[in-house]
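Okay, structure first, notes after.
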4 protein chains.
Amino acid sequence: MSAKKVWKGRFSKPTAPEMEAFSHSLEIDRRLYREDIQVNRAWAQALAQIGLLKARERDAILKGLDQIEKELEGGKFPFLPTDEDIHTAIERRLTEQVGPAGAKIHTGRSRNDQVITDLLLYLRRATEELITGIRRLQEVTVQRAEEHSEVLMPGYTHLQQAQPILFSHYALSLFWLLERDRQRLMAAQRRCGLMPLGSGALAGSGFPIDRHFLSEVLGFEEPSPNSLDATAHRDVPIEVAFAAALLLIHLSRYAADLILWASHEFGFVTIDEAYATGSSMMPQKRNPDSLELIRGKAAAAIGHLTALMSLCHGLPHGYNRDLQEDKRPLFAILDDARSSLEIFTRVWQTLDIQPEAMIQALDPDLLATELADYLTHRGMPFRKAHEIAGQIIRWSKSHNVPLTEIPLSTLRTFSYLFDEDLRHWLDFRAALERRSLYGGTGPEAVREQLEKAKQLLSQTTPEPESPEL
Amino acid sequence: MSAKKVWKGRFSKPTAPEMEAFSHSLEIDRRLYREDIQVNRAWAQALAQIGLLKARERDAILKGLDQIEKELEGGKFPFLPTDEDIHTAIERRLTEQVGPAGAKIHTGRSRNDQVITDLLLYLRRATEELITGIRRLQEVTVQRAEEHSEVLMPGYTHLQQAQPILFSHYALSLFWLLERDRQRLMAAQRRCGLMPLGSGALAGSGFPIDRHFLSEVLGFEEPSPNSLDATAHRDVPIEVAFAAALLLIHLSRYAADLILWASHEFGFVTIDEAYATGSSMMPQKRNPDSLELIRGKAAAAIGHLTALMSLCHGLPHGYNRDLQEDKRPLFAILDDARSSLEIFTRVWQTLDIQPEAMIQALDPDLLATELADYLTHRGMPFRKAHEIAGQIIRWSKSHNVPLTEIPLSTLRTFSYLFDEDLRHWLDFRAALERRSLYGGTGPEAVREQLEKAKQLLSQTTPEPESPEL
Amino acid sequence: MSAKKVWKGRFSKPTAPEMEAFSHSLEIDRRLYREDIQVNRAWAQALAQIGLLKARERDAILKGLDQIEKELEGGKFPFLPTDEDIHTAIERRLTEQVGPAGAKIHTGRSRNDQVITDLLLYLRRATEELITGIRRLQEVTVQRAEEHSEVLMPGYTHLQQAQPILFSHYALSLFWLLERDRQRLMAAQRRCGLMPLGSGALAGSGFPIDRHFLSEVLGFEEPSPNSLDATAHRDVPIEVAFAAALLLIHLSRYAADLILWASHEFGFVTIDEAYATGSSMMPQKRNPDSLELIRGKAAAAIGHLTALMSLCHGLPHGYNRDLQEDKRPLFAILDDARSSLEIFTRVWQTLDIQPEAMIQALDPDLLATELADYLTHRGMPFRKAHEIAGQIIRWSKSHNVPLTEIPLSTLRTFSYLFDEDLRHWLDFRAALERRSLYGGTGPEAVREQLEKAKQLLSQTTPEPESPEL
Amino acid sequence: MSAKKVWKGRFSKPTAPEMEAFSHSLEIDRRLYREDIQVNRAWAQALAQIGLLKARERDAILKGLDQIEKELEGGKFPFLPTDEDIHTAIERRLTEQVGPAGAKIHTGRSRNDQVITDLLLYLRRATEELITGIRRLQEVTVQRAEEHSEVLMPGYTHLQQAQPILFSHYALSLFWLLERDRQRLMAAQRRCGLMPLGSGALAGSGFPIDRHFLSEVLGFEEPSPNSLDATAHRDVPIEVAFAAALLLIHLSRYAADLILWASHEFGFVTIDEAYATGSSMMPQKRNPDSLELIRGKAAAAIGHLTALMSLCHGLPHGYNRDLQEDKRPLFAILDDARSSLEIFTRVWQTLDIQPEAMIQALDPDLLATELADYLTHRGMPFRKAHEIAGQIIRWSKSHNVPLTEIPLSTLRTFSYLFDEDLRHWLDFRAALERRSLYGGTGPEAVREQLEKAKQLLSQTTPEPESPEL
């Protein structure tokens with residue numbers, strides 16, 4: 001069976017072999033085969049509706065597509081070196097199987113509307129996976145927070161110990177961040193709801209295809225309102241890429257924390273051996289490679305997003321072949337987000353948390369804010385109280401006396417407002433409890449927060465809303 | 001009046017002058033002064049509610065803030081070289097004005113929660129401006145489309161003439177793209193709705209501040225549920241930056257088209273002199289600098305977004321001073337998006353469109369698809385019809401006979417299916433009319449599209465929904 | 001044959017399967033096999049020199065490596081699913097073949113120094129290919145410039161016709177740009193000259209390996225001076241990536257020009273059919289896909305460079321697994337640069353240049369600078385002359401009289417300095433000839449430039465200098 | 001005094017005020033005033049040489065420029081709102097001062113060649129500053145390495161303790177990295193050596209200016225060989241930006257290390273108070289803000305480089321106004337690199353290093369490689385030895401016996417090769433000494449390395465070579 005270019009008629013010369021190789025995209029776009037078959041099925045029905053296919057031609061095509069799907073699923077599809085991309089490969093194979101009817105499948109459509117339709121269908125599925133993956137990680141997060149709901153640890157800013165917090169409060173900070181990532185992905189998914197098919201190459205199909213039928217049968221919300229807009233732009237794929245890249249960046253920050261906490265010097269957690277790796281040279285090593293790779297993939301995601309945006313920047317209107325280069329970065333971000341989400345979830349779930357190490361790490365200096373707050377409570381303006389507390393810390397350092405062990409008499413030389421009840425303040429747990437306002441690290445506030453998180457998880461996800469257009 | 005660092009107590013040594021200069025952010029963050037004063041007002045009330053300020057202290061502070069606002073509005077605020085940022089400048093000035101009460105304003109809060117609260121308030125306002133600006137551009141777009149609703153022009157893919165389209169169809173492609181940009185900005189704006197204030201440096205305020213009151217009085221949706229999440233992350237500002245950057249990229253594509261169309265070779269439009277620029281050397285030049293600058297600023301926006309994402313990538317948890325560097329790129333994107341939107345709107349509105357040049361540019365080859373569609377209509381499989389049409393184009397080139405002037409007898413040597421009625425097909429306007437399906441470039445479809453667009457514009461924008469949290 | 005992890009001893013639990021998949025890099029790094037074998041050969045000799053391998057063990061290893069190389073070249077290497085990367089796959093296979101001697105090959109080294117040594121060897125070869133490819137494109141450029149050395153065309157700024165230039169001058173602008181790209185690649189290649197092998201994981205090998213021997217036998221300039229520096233940093237690969245990305249950006253600009261020039265409206269060139277592509281829908285299309293893909297790949301390169309830089313930004317010292325992610329973007333840039341260079345060279349070489357179309361496109365307004373220069377020549381201050389020339393252009397537009405056809409009498413109403421000899425100035429070729437200063441577009445200057453370019457090409461490329469360290 | 005646009009003649013309408021604001025670049029480019037005056041001086045001389053200025057006109061101009069320079073230096077230059085940029089501001093002022101002679105200064109040149117010439121001059125100076133700054137940091141590095149030449153500390157990979165190293169070896173790793181940064185900056189600086197002036201807007205000046213004279217008097221190497229190349233491209237500024245961005249990324253990695261080492265948990269160093277900052281809320285804090293800001297600015301630099309590359313990607317040939325946007329990112333990178341280099345140097349110089357904390361942090365597991373190397377030394381294949389050492393580490397963990405305290409008898413149950421002399425191996429300093437090969441962390445090797453570094457510093461920097469063109 002011959003496999004000539006679909007556009008060979010106008011050309012008197014074959015494509016140069018190095019150009020074939022250069023423009024070949026099959027390795028990248030073959031993953032769209034399910035969507036392409038789905039689109040072909042719908043298109044065949046739509047053509048039949050307006051008499052461009054006879055019923056038996058349509059049926060032959062539908063049967064042929066079933067067969068092709070089986071071949072592709074089973075890895076038995078006979079790809080030819082001349083197949084430019086998955087779309088022409090499937091059309092070529094269809095024509096081999098069903099003859100002239102196959103040669104009618106491309107009537108009234110273009111690869112431009114076909115490719116972007118396939119892609120949006122793919123993105124709806126890929127974002128669904130990420131949304132589900134986030135939910136799973138949120139569940140594990142709630143679970144880890146509950147298991148260690150009362151574990152104290154140092155909270156950090158600037159990588160310096162700042163104030164005592166609950167580990168569960170730390171864990172839940174990830175929960176809410178993920179919730180926003182989920183919302184962003186759902187919004188991006190909703191915006192994949194406008195169906196481009198029927199837009200032709202740019203101007204709309206030359207045949208009165210029922211685009212509302214196509215939209216419904218393919219599971220879109222509605223047909224896109226403008227054929228140029230539908231084929232020229234890539235804002236929706238870029239929005240998906242952005243939401244996934246941001247998720248990766250968020251994972252990278254928590255990964256960086258766990259890498260640090262797994263160090264000998266911190267020792268707050270141990271990464272499960274199933275997610276750690278050894279060294280080819282140093283026998284003692286147990287490296288948090290899983291987390292480092294997540295951080296690495298987040299860097300790659302920034303690059304891919306940059307590529308996608310640069311691709312569209314200043315590009316003349318209409319489809320340009322540059323846009324073929326959108327798939328490599330887009331698929332890479334989606335793959336990396338999916339696998340990183342899975343690996344992070346597993347690392348987090350199997351993480352061996354060391355509450356004693358966390359508590360032992362607490363430096364009495366963490367209570368300096370309590371000292372200032374105590375004075376404020378006694379009526380001293382905060383700015384003054386902060387300064388005095390600072391001086392006491394300085395004294396404590398230079399006299400090598402921990403904050404909690406400075407005699408009251410000494411403290412009173414800094415301010416006569418200090419009194420016996422101060423010792424109730426200079427206590428890590430008391431400091432926590434003073435932060436029980438909504439959103440704070442106080443045990444009660446965290447319990448409330450945990451309830452709120454669980455409630456959110458128990459809600460059945462609403463149906464994706466229709467796009468506003 | 002002294003202007004010592006707010007944190008001077010703990011330090012025995014002053015900051016090095018070069019470090020002062022290095023960490024200085026006043027030039028960048030002074031634009032947040034309105035929001036900072038608003039936050040100070042709310043905070044004073046909240047402190048008074050729980051007795052940390054007496055009523056007269058609160059009133060003195062509120063009066064002082066009014067005064068400071070006037071100074072700042074009038075450019076008369078006495079900034080000192082030692083003011084680190086706008087936040088400490090205002091606190092310093094307040095203390096100068098109202099004495100010890102001023103020194104109480106920072107009770108129970110940190111710059112960490114204060115800065116991000118200011119920033120989110122600012123972003124809500126800045127996104128509102130962009131949303132309004134987009135609406136304005138959409139209105140102008142509809143207006144230009146209506147003015148030239150029946151103007152034919154070549155539609156392009158790969159910068160090659162592809163099929164005839166209506167100019168109004170082209171214009172409306174911008175309308176729908178902008179609608180998605182608007183939706184993205186509105187979603188980002190909604191996500192600015194969680195109020196961080198009361199989160200302290202990381203762990204929550206040490207005083208039982210009523211955060212629901214604060215949220216309401218500042219116009220947020222609700223207080224943020226986790227103090228670490230609220231102070232450590234920048235996902236919401238990054239989302240705003242992304243939505244604005246994508247808008248700029250979209251403007252850059254339409255700008256690139258207009259630059260091209262304003263060239264001598266295309267001649268489809270003339271840029272109004274008010275938005276063009278001459279040359280310092282070549283007296284004849286009338287350059288579309290306005291549009292080129294928009295394209296340039298879109299490139300800058302890609303860079304700024306990259307910076308924001310790199311900033312957060314792998315960063316340890318909690319606030320780190322790196323995050324101070326978020327404002328420069330963020331403000332630059334917002335400024336550039338706002339001004340580019342305005343300039344593009346004005347260029348577009350004043351653009352001198354040349355319908356005759358557009359029509360004259362139409363190449364008969366644009367009708368090649370009609371040739372193939374004709375044969376398909378007559379029952380030939382499209383793939384075959386496409387090939388034959390390609391051969392005819394080849395013949396037309398080599399014999400130097402325009403497609404529309406090839407005798408029927410010659411065409412019939414390619415396919416006996418060609419007949420007299422072909423001439424009704426080989427006509428630019430007929431080609432348009434064949435594309436009257438929903439979303440197509442056919443005049444009727446475009447009229448319908450225009451109605452839909454106008455309807456959308458006439459809807460009052462719904463109140464921003466509450467965030468889902 | 002067993003294929004356990006090289007670091008299995010310390011672990012009581014196997015790696016999770018999803019972690020295996022996640023950390024697997026074989027698909028990416030297998031292209032380093034040649035270099036890995038080369039490094040193994042050198043290492044075996046170095047171990048033998050200090051008695052860590054017996055002569056027959058060394059010989060067995062060398063023979064085993066020959067065998068493995070053949071297997072890899074022939075696509076017959078028996079990869080196992082448990083092979084983490086190409087380095088452990090080769091070591092595993094070697095041990096299968098030569099027994100205990102194979103188990104000695106990793107003595108005193110680490111994957112850290114091994115991987116970066118392989119990579120630098122690879123980069124030296126890959127940059128050499130690019131350097132050679134650039135030379136080829138420079139040669140084609142000189143050839144095209146010579147073929148069309150006297151062809152006039154409009155020169156553009158702001159995409160507006162600016163002044164007449166020679167096509168050969170345009171072509172040579174690419175020549176000099178490429179020369180700087182070549183210099184940058186040569187500099188990056190030179191900086192690949194410090195050999196990391198013997199640096200171990202971070203601290204240097206524990207055995208007194210002769211690193212100067214290794215450096216020499218592997219073709220490096222010298223051993224790297226600090227083992228931490230050698231294993232922790234990726235500045236040299238990033239520099240290579242930058243030089244290649246910049247080359248791609250440069251090709252993207254010339255590609256964008258040719259895309260534009262191949263449009264119906266410009267018509268200055270025709271892309272050879274061997275490098276053009278048709279449309280699946282529109283039979284007449286001949287799209288410059290080759291050039292569009294180059295432009296697309298340049299966008300990807302910006303992203304890859306961003307990824308590489310983000311990867312290293314803020315990364316803790318020493319090797320971190322994040323760095324595994326350096327290879328995907330690095331190899332992608334190198335592949336894209338190599339193939340784009342080849343395709344651009346072929347498109348450029350086979351380009352059908354249309355001198356008549358170029359000349360016909362020349363707008364008389366291009367001579368406005370001559371008008372101003374004439375007046376300047378007659379003693380009028382340039383700023384005044386420029387203004388008058390501008391007014392004349394304005395008059396010409398409003399009266400619809402081309403600049404070259406305005407009667408002298410009319411011109412004299414603008415300035416009495418105009419005289420008969422003006423007609424010698426208002427001529428495209430005369431305008432060219434007035435720009436014969438060094439570097440200008442005057443025919444003589446271009447001839448000189450062409451000579452200079454040819455001379456540069458005829459020089460044998462100097463041996464790469466030693467690095468300065 | 002009037003201040004009309006230099007190109008006003010051809011326009012019948014004024015520029016819109018919002019367009020004035022949009023295209024205004026004076027705030028950004030005014031820093032080029034020194035270079036612009038220098039270029040004007042040279043140009044005046046060159047015009048005089050060919051009779052386009054009379055001697056007294058030239059002298060008046062030179063005197064006027066002196067005056068203008070004084071005004072600008074003293075902050076007394078009377079900028080007008082209508083000044084588009086520094087170049088037209090200076091020309092406008094010159095004409096105010098010297099009358100018609102001033103109106104002649106722009107004869108035969110364009111802002112295109114003028115701006116890029118100014119910029120290259122600026123870059124030569126700015127890179128010189130960075131090169132000098134690097135040398136200073138290298139000197140401080142050598143000094144710190146010498147002060148603590150024998151201090152032991154844990155070396156890390158994957159943020160896990162890996163092997164003992166010398167602090168001085170760590171410090172010197174920065175030295176060599178900086179040396180490559182310096183080389184890259186010098187190469188970029190050399191590539192600034194081709195003088196664009198005389199290239200006009202694109203085609204070369206219309207007057208026979210002596211460009212070799214200009215090049216010499218302005219301190220360039222030679223005039224650029226092609227006027228289009230000289231005005232259309234920005235590869236040289238981008239190369240400078242890249243070299244500076246890479247330097248910033250390198251500083252960010254060492255900054256991240258010091259931030260980590262300054263944490264309570266590591267405690268290896270204390271940042272001098274002059275470069276630390278406190279908290280507005282927590283009195284005890286001493287935050288390494290200086291280093292965090294450096295890390296933040298490195299993220300910004302990645303963004304700026306991305307912007308510069310996106311700006312040029314796919315841009316049509318010749319100068320386009322987009323290129324005005326090159327200055328903001330370029331100047332930002334240069335400023336940030338200069339100030340970060342200075343601040344890092346000061347932090348590094350004043351850093352309080354805690355040798356005892358470093359030594360105390362050494363975990364006996366760091367000696368696991370010695371265990372494996374010992375067995376290898378005794379003839380066991382390394383791969384086997386590594387496995388046994390791994391098992392011993394596992395035993396040590398599960399029995400809670402530090403590696404150095406496992407009885408020989410127990411070790412011998414793992415391998416009979418262990419013997420009394422093992423204790424000479426299981427010692428941190430012995431482990432160091434075993435790594436005395438070239439480039440290793442052994443004390444002797446580090447001494448040698450230090451000598452090499454000092455020697456390099458003592459070399460007078462060679463004159464920048466001429467560019468190869």
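In the structure tokens, chains take the letters A, B, ... in the order shown, each chain's residues start at 1, and ligands count up from 1 in the order shown.
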When the cut-off is 7 Å and we count only C-alpha atoms, which residues of chain B are near chain C, given as a list in words?
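Per the criterion, chain B yields His158, Leu159, Gln160, Gln161, Leu260, Ser263, His264, Glu265, Phe266, Met281, Met282, Pro283, Gln284, Asn287, Pro288, Ser310, Asp365, Ala368, Thr369, His386, Ala389, Gly390 and Ile393 of chain B.
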Segment 417-422 of chain C surroundings by only C-alpha atoms, 9 Å radius, close-in-sequence under 5 positions cut, as an mmCIF file with N, CA, C and O atoms, in the first residue's frame:
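Heads up, here's the output in out.cif:
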data_model
loop_
_atom_site.group_PDB
_atom_site.id
_atom_site.type_symbol
_atom_site.label_atom_id
_atom_site.label_comp_id
_atom_site.auth_asym_id
_atom_site.auth_seq_id
_atom_site.Cartn_x
_atom_site.Cartn_y
_atom_site.Cartn_z
ATOM 1 N N LEU C 371 17.422 62.764 -0.067
ATOM 2 C CA LEU C 371 16.939 64.134 -0.154
ATOM 3 C C LEU C 371 17.556 64.970 0.975
ATOM 4 O O LEU C 371 18.087 66.070 0.763
ATOM 5 N N TYR C 374 21.297 65.294 0.581
ATOM 6 C CA TYR C 374 21.604 66.272 -0.473
ATOM 7 C C TYR C 374 21.656 67.677 0.122
ATOM 8 O O TYR C 374 22.614 68.430 -0.078
ATOM 9 N N LEU C 375 20.609 68.013 0.865
ATOM 10 C CA LEU C 375 20.551 69.346 1.466
ATOM 11 C C LEU C 375 21.709 69.546 2.446
ATOM 12 O O LEU C 375 22.304 70.620 2.517
ATOM 13 N N ARG C 378 24.664 70.331 0.734
ATOM 14 C CA ARG C 378 24.656 71.726 0.303
ATOM 15 C C ARG C 378 24.793 72.697 1.476
ATOM 16 O O ARG C 378 24.638 73.894 1.298
ATOM 17 N N GLY C 379 25.012 72.135 2.691
ATOM 18 C CA GLY C 379 25.341 73.025 3.811
ATOM 19 C C GLY C 379 24.232 73.237 4.820
ATOM 20 O O GLY C 379 24.425 73.888 5.852
ATOM 21 N N MET C 380 23.071 72.710 4.545
ATOM 22 C CA MET C 380 21.995 72.878 5.516
ATOM 23 C C MET C 380 22.230 71.944 6.699
ATOM 24 O O MET C 380 22.632 70.803 6.508
ATOM 25 N N LEU C 408 11.239 69.719 -10.008
ATOM 26 C CA LEU C 408 12.249 70.484 -9.289
ATOM 27 C C LEU C 408 11.653 71.784 -8.769
ATOM 28 O O LEU C 408 11.934 72.206 -7.636
ATOM 29 N N SER C 409 10.806 72.392 -9.606
ATOM 30 C CA SER C 409 10.227 73.677 -9.193
ATOM 31 C C SER C 409 9.458 73.520 -7.888
ATOM 32 O O SER C 409 9.505 74.385 -7.009
ATOM 33 N N LEU C 411 10.003 71.199 -5.627
ATOM 34 C CA LEU C 411 10.979 70.945 -4.565
ATOM 35 C C LEU C 411 11.611 72.253 -4.094
ATOM 36 O O LEU C 411 11.870 72.437 -2.904
ATOM 37 N N ARG C 412 11.829 73.143 -5.044
ATOM 38 C CA ARG C 412 12.473 74.414 -4.696
ATOM 39 C C ARG C 412 11.576 75.300 -3.832
ATOM 40 O O ARG C 412 12.066 76.219 -3.175
#
What's the 8 Å shell around segment 116-125 of chain B, counting only C-alpha atoms, without same-chain residues fewer than 5 positions away, as a PyMOL selection string?
chain B and resi 32+35-36+39+189+192-193+195-197+231+237+240
Spatial neighbours of Ser224 of chain B, 10 Å, only C-alpha atoms, chain gap at least 5 places, as a list in words
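Contacts, with the query itself left out: Trp176, Tyr438, Gly439 and Gly440 of chain A; Gly193, Leu194, Met195, Pro196, Leu197, Gly198, Ser199, Arg211, His212, Ser215, Asp229, Ala230, Thr231 and Leu469 of chain B.
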Would you output that residue set with C-alpha atoms, as a short mmCIF file (atom, residue, chain, number, x, y, z; two decimals), in the first residue's frame?
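Output below, filename again04.cif:
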data_model
loop_
_atom_site.label_atom_id
_atom_site.label_comp_id
_atom_site.auth_asym_id
_atom_site.auth_seq_id
_atom_site.Cartn_x
_atom_site.Cartn_y
_atom_site.Cartn_z
CA TRP A 176 -4.56 24.47 51.40
CA TYR A 438 -8.45 31.27 63.35
CA GLY A 439 -5.67 29.99 61.11
CA GLY A 440 -3.08 29.92 63.90
CA GLY B 193 -9.83 36.77 48.42
CA LEU B 194 -8.26 34.98 51.39
CA MET B 195 -6.99 37.47 53.94
CA PRO B 196 -3.56 36.72 55.45
CA LEU B 197 -3.59 39.38 58.17
CA GLY B 198 -3.36 37.89 61.65
CA SER B 199 -0.99 35.16 60.46
CA ARG B 211 -9.70 37.91 61.78
CA HIS B 212 -13.23 37.65 60.43
CA SER B 215 -11.41 40.23 56.49
CA ASP B 229 0.35 28.82 54.00
CA ALA B 230 -0.63 32.49 54.10
CA THR B 231 2.90 33.82 54.67
CA LEU B 469 -12.29 27.79 50.61
#
Identify all residues of segment 299-348 of chain C in alpha helix (DSSP H) (DSSP on the backbone) and supply them as JSON, numbers by chain.
{"C": [299, 300, 301, 302, 303, 304, 305, 306, 307, 308, 309, 310, 311, 312, 327, 328, 329, 330, 331, 332, 333, 334, 335, 336, 337, 338, 339, 340, 341, 342, 343, 344, 345, 346, 347, 348]}
Just write the chosen residues, N, CA and C atoms, as a short mmCIF file (atom, residue, chain, number, x, y, z; two decimals), in the first residue's frame.
data_model
loop_
_atom_site.label_atom_id
_atom_site.label_comp_id
_atom_site.auth_asym_id
_atom_site.auth_seq_id
_atom_site.Cartn_x
_atom_site.Cartn_y
_atom_site.Cartn_z
N ALA C 299 12.32 28.65 20.24
CA ALA C 299 11.53 28.93 21.45
C ALA C 299 11.77 27.84 22.49
N ALA C 300 11.78 26.60 22.03
CA ALA C 300 12.05 25.50 22.94
C ALA C 300 13.41 25.68 23.61
N ALA C 301 14.39 26.15 22.84
CA ALA C 301 15.75 26.31 23.38
C ALA C 301 15.79 27.33 24.51
N ILE C 302 15.02 28.40 24.37
CA ILE C 302 14.95 29.38 25.47
C ILE C 302 14.45 28.67 26.73
N GLY C 303 13.44 27.84 26.56
CA GLY C 303 12.90 27.09 27.69
C GLY C 303 13.93 26.15 28.29
N HIS C 304 14.66 25.45 27.45
CA HIS C 304 15.64 24.50 27.98
C HIS C 304 16.74 25.22 28.76
N LEU C 305 17.18 26.35 28.23
CA LEU C 305 18.21 27.10 28.95
C LEU C 305 17.67 27.57 30.30
N THR C 306 16.44 28.06 30.30
CA THR C 306 15.80 28.47 31.55
C THR C 306 15.78 27.31 32.55
N ALA C 307 15.44 26.13 32.05
CA ALA C 307 15.39 24.96 32.93
C ALA C 307 16.75 24.68 33.54
N LEU C 308 17.78 24.72 32.71
CA LEU C 308 19.13 24.42 33.20
C LEU C 308 19.57 25.42 34.26
N MET C 309 19.23 26.68 34.05
CA MET C 309 19.64 27.68 35.02
C MET C 309 18.83 27.57 36.31
N SER C 310 17.53 27.33 36.18
CA SER C 310 16.70 27.17 37.38
C SER C 310 17.14 25.96 38.19
N LEU C 311 17.58 24.95 37.49
CA LEU C 311 18.03 23.72 38.14
C LEU C 311 19.16 24.00 39.12
N CYS C 312 20.07 24.86 38.73
CA CYS C 312 21.27 25.12 39.54
C CYS C 312 21.06 26.25 40.54
N LYS C 327 20.29 16.61 31.58
CA LYS C 327 20.58 16.00 30.27
C LYS C 327 19.45 16.18 29.25
N ARG C 328 18.21 16.06 29.71
CA ARG C 328 17.09 16.20 28.78
C ARG C 328 17.16 17.54 28.05
N PRO C 329 17.18 18.67 28.77
CA PRO C 329 17.23 19.95 28.04
C PRO C 329 18.52 20.15 27.25
N LEU C 330 19.63 19.69 27.81
CA LEU C 330 20.91 19.89 27.14
C LEU C 330 20.94 19.15 25.81
N PHE C 331 20.56 17.89 25.83
CA PHE C 331 20.57 17.11 24.59
C PHE C 331 19.55 17.66 23.60
N ALA C 332 18.41 18.12 24.12
CA ALA C 332 17.39 18.66 23.22
C ALA C 332 17.91 19.90 22.49
N ILE C 333 18.57 20.78 23.21
CA ILE C 333 19.12 21.97 22.55
C ILE C 333 20.15 21.56 21.50
N LEU C 334 21.03 20.64 21.87
CA LEU C 334 22.09 20.25 20.94
C LEU C 334 21.51 19.59 19.69
N ASP C 335 20.54 18.69 19.89
CA ASP C 335 19.91 18.05 18.74
C ASP C 335 19.22 19.07 17.85
N ASP C 336 18.46 19.95 18.49
CA ASP C 336 17.71 20.94 17.72
C ASP C 336 18.65 21.90 16.99
N ALA C 337 19.74 22.27 17.65
CA ALA C 337 20.68 23.19 17.00
C ALA C 337 21.31 22.51 15.78
N ARG C 338 21.70 21.26 15.96
CA ARG C 338 22.34 20.54 14.87
C ARG C 338 21.40 20.37 13.68
N SER C 339 20.18 19.90 13.95
CA SER C 339 19.26 19.64 12.84
C SER C 339 18.77 20.95 12.22
N SER C 340 18.54 21.96 13.03
CA SER C 340 18.07 23.24 12.49
C SER C 340 19.14 23.87 11.62
N LEU C 341 20.38 23.75 12.05
CA LEU C 341 21.50 24.28 11.27
C LEU C 341 21.55 23.59 9.91
N GLU C 342 21.39 22.28 9.94
CA GLU C 342 21.43 21.51 8.69
C GLU C 342 20.27 21.93 7.78
N ILE C 343 19.06 21.97 8.35
CA ILE C 343 17.89 22.29 7.52
C ILE C 343 17.98 23.72 7.01
N PHE C 344 18.39 24.64 7.89
CA PHE C 344 18.49 26.02 7.42
C PHE C 344 19.49 26.12 6.28
N THR C 345 20.62 25.43 6.42
CA THR C 345 21.65 25.46 5.38
C THR C 345 21.08 24.98 4.05
N ARG C 346 20.31 23.90 4.11
CA ARG C 346 19.75 23.35 2.89
C ARG C 346 18.69 24.28 2.28
N VAL C 347 17.84 24.85 3.12
CA VAL C 347 16.81 25.77 2.63
C VAL C 347 17.46 26.98 1.97
N TRP C 348 18.46 27.49 2.61
CA TRP C 348 19.20 28.68 2.17
C TRP C 348 19.91 28.39 0.85
#
Using atom CA of Ala276 of chain B and atom CA of Leu323 of chain D as the two end points, give the distance in Å to one decimal.
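Pair atom CA of Ala276 of chain B / atom CA of Leu323 of chain D returns 16.1 Å.
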B:Pro381, B:Leu456, B:Tyr33, B:Glu69 ranked by distance to Leu52 of chain A, top pick (using only C-alpha atoms)
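Ranked by minimum distance to Leu52 of chain A, first place goes to B:Pro381.
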Skipping near chain neighbours, those fewer than 2 positions away, what residues fall within 12 Å of Ala430 of chain C using only C-alpha atoms, listed as a VMD selection string?
(chain C and resid 152 163 to 165 367 370 422 to 428 432 to 436 441 to 443) or (chain D and resid 206)
For Glu20 of chain D, work out the shell of residues within 10 Å, counting only C-alpha atoms and skipping chain neighbours fewer than 3 positions away, then give it as a ChimeraX atom specification.
/B:274-275,277,290 /D:14-17,23-25,81-84
